[in-house]
Structure formats: structure tokens, C-alpha cells
Amino acid sequence: MDEPLRPETPETAPPGLLRRLYREERQAWRRDYRRYFKIAARALGLGFVAGYLFFTLWPAQEGRALHFVVQALKDIDLKASPLALALTLFYHNARASAVALAAGLVPYLFLPVFDTLFNGGVLGLLVSIAKHQHLPVLRLIVTQILPHGVFELAGVVYATSVGLYLSAEMGRRARRAWLKKRALAPPVAEPSPQNFLETYPERVEAAKAVNPARNVVRSFVLVVLPLLFVAAMIEGLITPHLR
């Protein structure tokens, strides 16, 4: 006699799609991204210290640097409605992070690190300007930078770490191709086409021979975009009301 079907419990039921995706992302973080995240975070701090010291010692350069930053942000309408401003900020930051991440396609040059260096330098510039204008620096940091900056900088650093991983993987792929061309390494069998919902370990093994960019796009959508979206909503809707 057949056993009656047992109802699924939280312990026996398969994980939902979203839970599965983020579980795989945690595996990606532990296996691939964490080492590069530390590098990106240090680059952000280095950029801040270098920017602050430079503009503190040479304050005459602040105006020129600030003009450059303003020109880079000229597509953001500060007079728009709060929601429109937030969405524009999100688009701008997402586009910048996507470009920085895509720079990781260049093998072994680790170009995405310059994005965190630049962001750190901009923070150093703003703090230096506030100091020279005798503004309450600590209060400005707490009310105008930290509320959204915690999420935005986390997204920027994560995007950089994923871009650094991509650069390293593309370098390894280029090296394998060069060795194969020179008959110094045995040919690698091509894996079957990948599916977006494969398990992370399967994608890692396939990416070694095919294209690690699949993992990178997945991480960008799951982690970077949500962090930048939350940061933009805070910056557009909440930060202007903080004093």
C-alpha cells in the first residue's frame, strides 16, 4: 500500500527562486569576490585620503576639480521632483557602475579599481571644500553623505570587486587560449550551453572555459542594482530634508 503524500514543510520544500539566487550569490561572494572586495574597499579609502590631502594642501585646485565633477553630473536635474531626482540618480549610478564593471573585460589590467579610487577622491574633495568654507564637516557627513552613502558606496565597492574578478578570469581565459594555440596545454572540452538558472558551482566550472561574464551580470542584478536603488531613493527623497 502506497504511503500517503506528506505535505511539504519549510525544511523539505525546495527553496524559492529568489532565495536560491541569493544563496548562490553568497557562494559567489565567499569563493570569488571577497578577496577583491577588500582590495576595492582599500582603494576607496586610499582615494579619499589622497583626495583630501591633495585639496587640503592645494586648495586652489578645488574649483577646477569641482567643475569637473559638476560636468560629469550635468544630466541630473536638481530641480526635478524628489521621485524623478531619485530615479535619475539611480540611472546615473547604475550606468557608471555598469561601465566600471564592463572595464573588467580587459584581462589582467583590473581597470574597475579606478572607479572606487575616483569615488573616494570625490569624497575627499567635498570634505576639503567644506573644511575650507568653515562648514560643519561632521554634521554634513552624517546628514548629507552617510544616509545614502552607506548603500551607494557598498554598491560601488561590490561592483568593483565583481569587475576585478572578471578581469582576473578573463586574463586566465586569455592565457589558456594562448597556451592552447602554442600547443602547450591540452584542449579543453567545450561545455554544454549554460542556463541562467544553473547552480552556481556549475556556472563556475563552465565559466572557466566559456565566459565568466554570466556570473558577473547575475551579481550585478542581484546585489549592485538593489543597493544603488535604495541609495538613490534615500538621496532623492530623504537626504534633502536632513539638516
# chains A, B, ... in the order shown; residues from 1 in each chain; ligands from 1
$ select_by_dssp --residues "region 91-205 of chain A" --states "alpha helix (DSSP H)" --output "MDAnalysis selection string"
chainID A and resid 91:102 113:132 137:140 146:181 200:205
$ residues_around --residues "region 227-238 of chain A" --least-positions-apart "5" --cutoff "6 Å" --atoms "only C-alpha atoms" --output "list in words"
Pro82, Leu85, Ala86, Leu89, Phe90, His148, Phe151, Glu152 and Gly155 of chain A
$ atom_distance --atom1 "CA of Leu66 (chain A)" --atom2 "CA of Leu125 (chain A)"
7.7 Å
$ closest_residue --among "A:Leu225, A:Phe54, A:Leu18, A:Tyr165" --to "Phe110 (chain A)" --atoms "only C-alpha atoms"
A:Tyr165
$ closest_residue --among "A:His132, A:Arg173, A:Arg42, A:Arg34" --to "Pro212 (chain A)" --atoms "only C-alpha atoms"
A:Arg173
$ closest_residue --among "A:Val223, A:Leu166, A:Leu17, A:Ala177" --to "Tyr36 (chain A)" --atoms "only C-alpha atoms"
A:Leu166
$ closest_residue --among "A:Pro147, A:Pro136, A:Tyr108, A:Val157" --to "Arg172 (chain A)" --atoms "only C-alpha atoms"
A:Tyr108
$ residues_around --residues "Ala72 (chain A)" --least-positions-apart "5" --cutoff "12 Å" --atoms "only C-alpha atoms" --output "ChimeraX atom specification"
/A:65-67,92-93,96,122
$ residues_around --residues "Ile141 (chain A)" --least-positions-apart "4" --cutoff "10 Å" --atoms "only C-alpha atoms" --output "ChimeraX atom specification"
/A:123,126-127,130,136-137,145-147,149
$ write_last_selection --atoms "C-alpha atoms" --output "PDB file, in the first residue's frame"
ATOM      1  CA  LEU A 123      34.535  62.387  -1.176  1.00  0.00           C
ATOM      2  CA  LEU A 126      33.886  67.515  -0.803  1.00  0.00           C
ATOM      3  CA  VAL A 127      35.230  67.238   2.735  1.00  0.00           C
ATOM      4  CA  ALA A 130      33.552  72.001   3.464  1.00  0.00           C
ATOM      5  CA  PRO A 136      30.277  71.760   9.935  1.00  0.00           C
ATOM      6  CA  VAL A 137      32.100  68.858   8.296  1.00  0.00           C
ATOM      7  CA  ILE A 145      26.572  61.629   2.892  1.00  0.00           C
ATOM      8  CA  LEU A 146      26.125  58.695   5.250  1.00  0.00           C
ATOM      9  CA  PRO A 147      22.340  58.070   4.903  1.00  0.00           C
ATOM     10  CA  GLY A 149      26.354  56.764   1.041  1.00  0.00           C
TER      11      GLY A 149
END
$ residues_around --residues "Arg218 (chain A)" --least-positions-apart "5" --cutoff "9 Å" --atoms "only C-alpha atoms" --output "list in words"
Leu21, Glu25, Phe196, Ala213 and Val223 of chain A
$ residues_around --residues "Thr160 (chain A)" --least-positions-apart "4" --cutoff "10 Å" --atoms "only C-alpha atoms" --output "list in words"
Tyr33, Tyr36, Phe37, Ile39, Ala40, Ala41, Ala43, Ser97, Ala98, Ala100, Leu101, Ala102, Ala103, Gly104, Phe110, Leu111, Pro112, Val113, Phe114, Asp115, Thr116, Ala154, Gly155, Val156, Leu164, Tyr165, Leu166 and Val224 of chain A
$ closest_residue --among "A:Leu109, A:Ala159, A:Val49, A:Ile129" --to "Gln61 (chain A)" --atoms "only C-alpha atoms"
A:Ile129
$ closest_residue --among "A:Val216, A:Ala168, A:Ser161, A:Ser128" --to "Leu57 (chain A)" --atoms "only C-alpha atoms"
A:Ser128
$ atom_distance --atom1 "CA of Phe220 (chain A)" --atom2 "CA of Ala94 (chain A)"
9.5 Å
$ atom_distance --atom1 "CA of Arg175 (chain A)" --atom2 "CA of Leu117 (chain A)"
27.8 Å
$ decode --residues "region 128-143 of chain A" --atoms "N, CA and C atoms" --output "CSV table (one decimal), in the first residue's frame"
chain,number,residue,atom,x,y,z
A,128,SER,N,37.2,68.4,1.9
A,128,SER,CA,38.1,69.5,1.9
A,128,SER,C,37.5,70.9,1.6
A,129,ILE,N,36.5,70.9,0.7
A,129,ILE,CA,35.8,72.1,0.4
A,129,ILE,C,35.0,72.6,1.6
A,130,ALA,N,34.3,71.7,2.3
A,130,ALA,CA,33.6,72.0,3.5
A,130,ALA,C,34.5,72.6,4.5
A,131,LYS,N,35.6,72.0,4.7
A,131,LYS,CA,36.6,72.5,5.7
A,131,LYS,C,37.0,73.9,5.4
A,132,HIS,N,37.4,74.2,4.1
A,132,HIS,CA,37.9,75.5,3.8
A,132,HIS,C,36.8,76.5,3.8
A,133,GLN,N,35.6,76.1,3.7
A,133,GLN,CA,34.5,77.1,3.8
A,133,GLN,C,33.9,77.2,5.2
A,134,HIS,N,34.6,76.6,6.1
A,134,HIS,CA,34.2,76.6,7.6
A,134,HIS,C,32.8,76.1,7.8
A,135,LEU,N,32.4,75.0,7.1
A,135,LEU,CA,31.2,74.4,7.3
A,135,LEU,C,31.3,73.3,8.3
A,136,PRO,N,30.2,72.9,9.0
A,136,PRO,CA,30.3,71.8,9.9
A,136,PRO,C,30.5,70.4,9.2
A,137,VAL,N,31.7,70.0,9.1
A,137,VAL,CA,32.1,68.9,8.3
A,137,VAL,C,31.4,67.6,8.8
A,138,LEU,N,31.5,67.4,10.1
A,138,LEU,CA,31.0,66.1,10.7
A,138,LEU,C,29.5,66.1,10.5
A,139,ARG,N,28.8,67.2,10.7
A,139,ARG,CA,27.4,67.2,10.5
A,139,ARG,C,27.0,67.0,9.1
A,140,LEU,N,27.7,67.5,8.1
A,140,LEU,CA,27.4,67.3,6.7
A,140,LEU,C,27.6,65.9,6.3
A,141,ILE,N,28.7,65.2,6.9
A,141,ILE,CA,28.9,63.8,6.6
A,141,ILE,C,27.7,63.0,7.1
A,142,VAL,N,27.3,63.3,8.3
A,142,VAL,CA,26.3,62.5,9.0
A,142,VAL,C,24.9,62.6,8.3
A,143,THR,N,24.6,63.9,7.9
A,143,THR,CA,23.3,64.1,7.3
A,143,THR,C,23.2,64.1,5.8
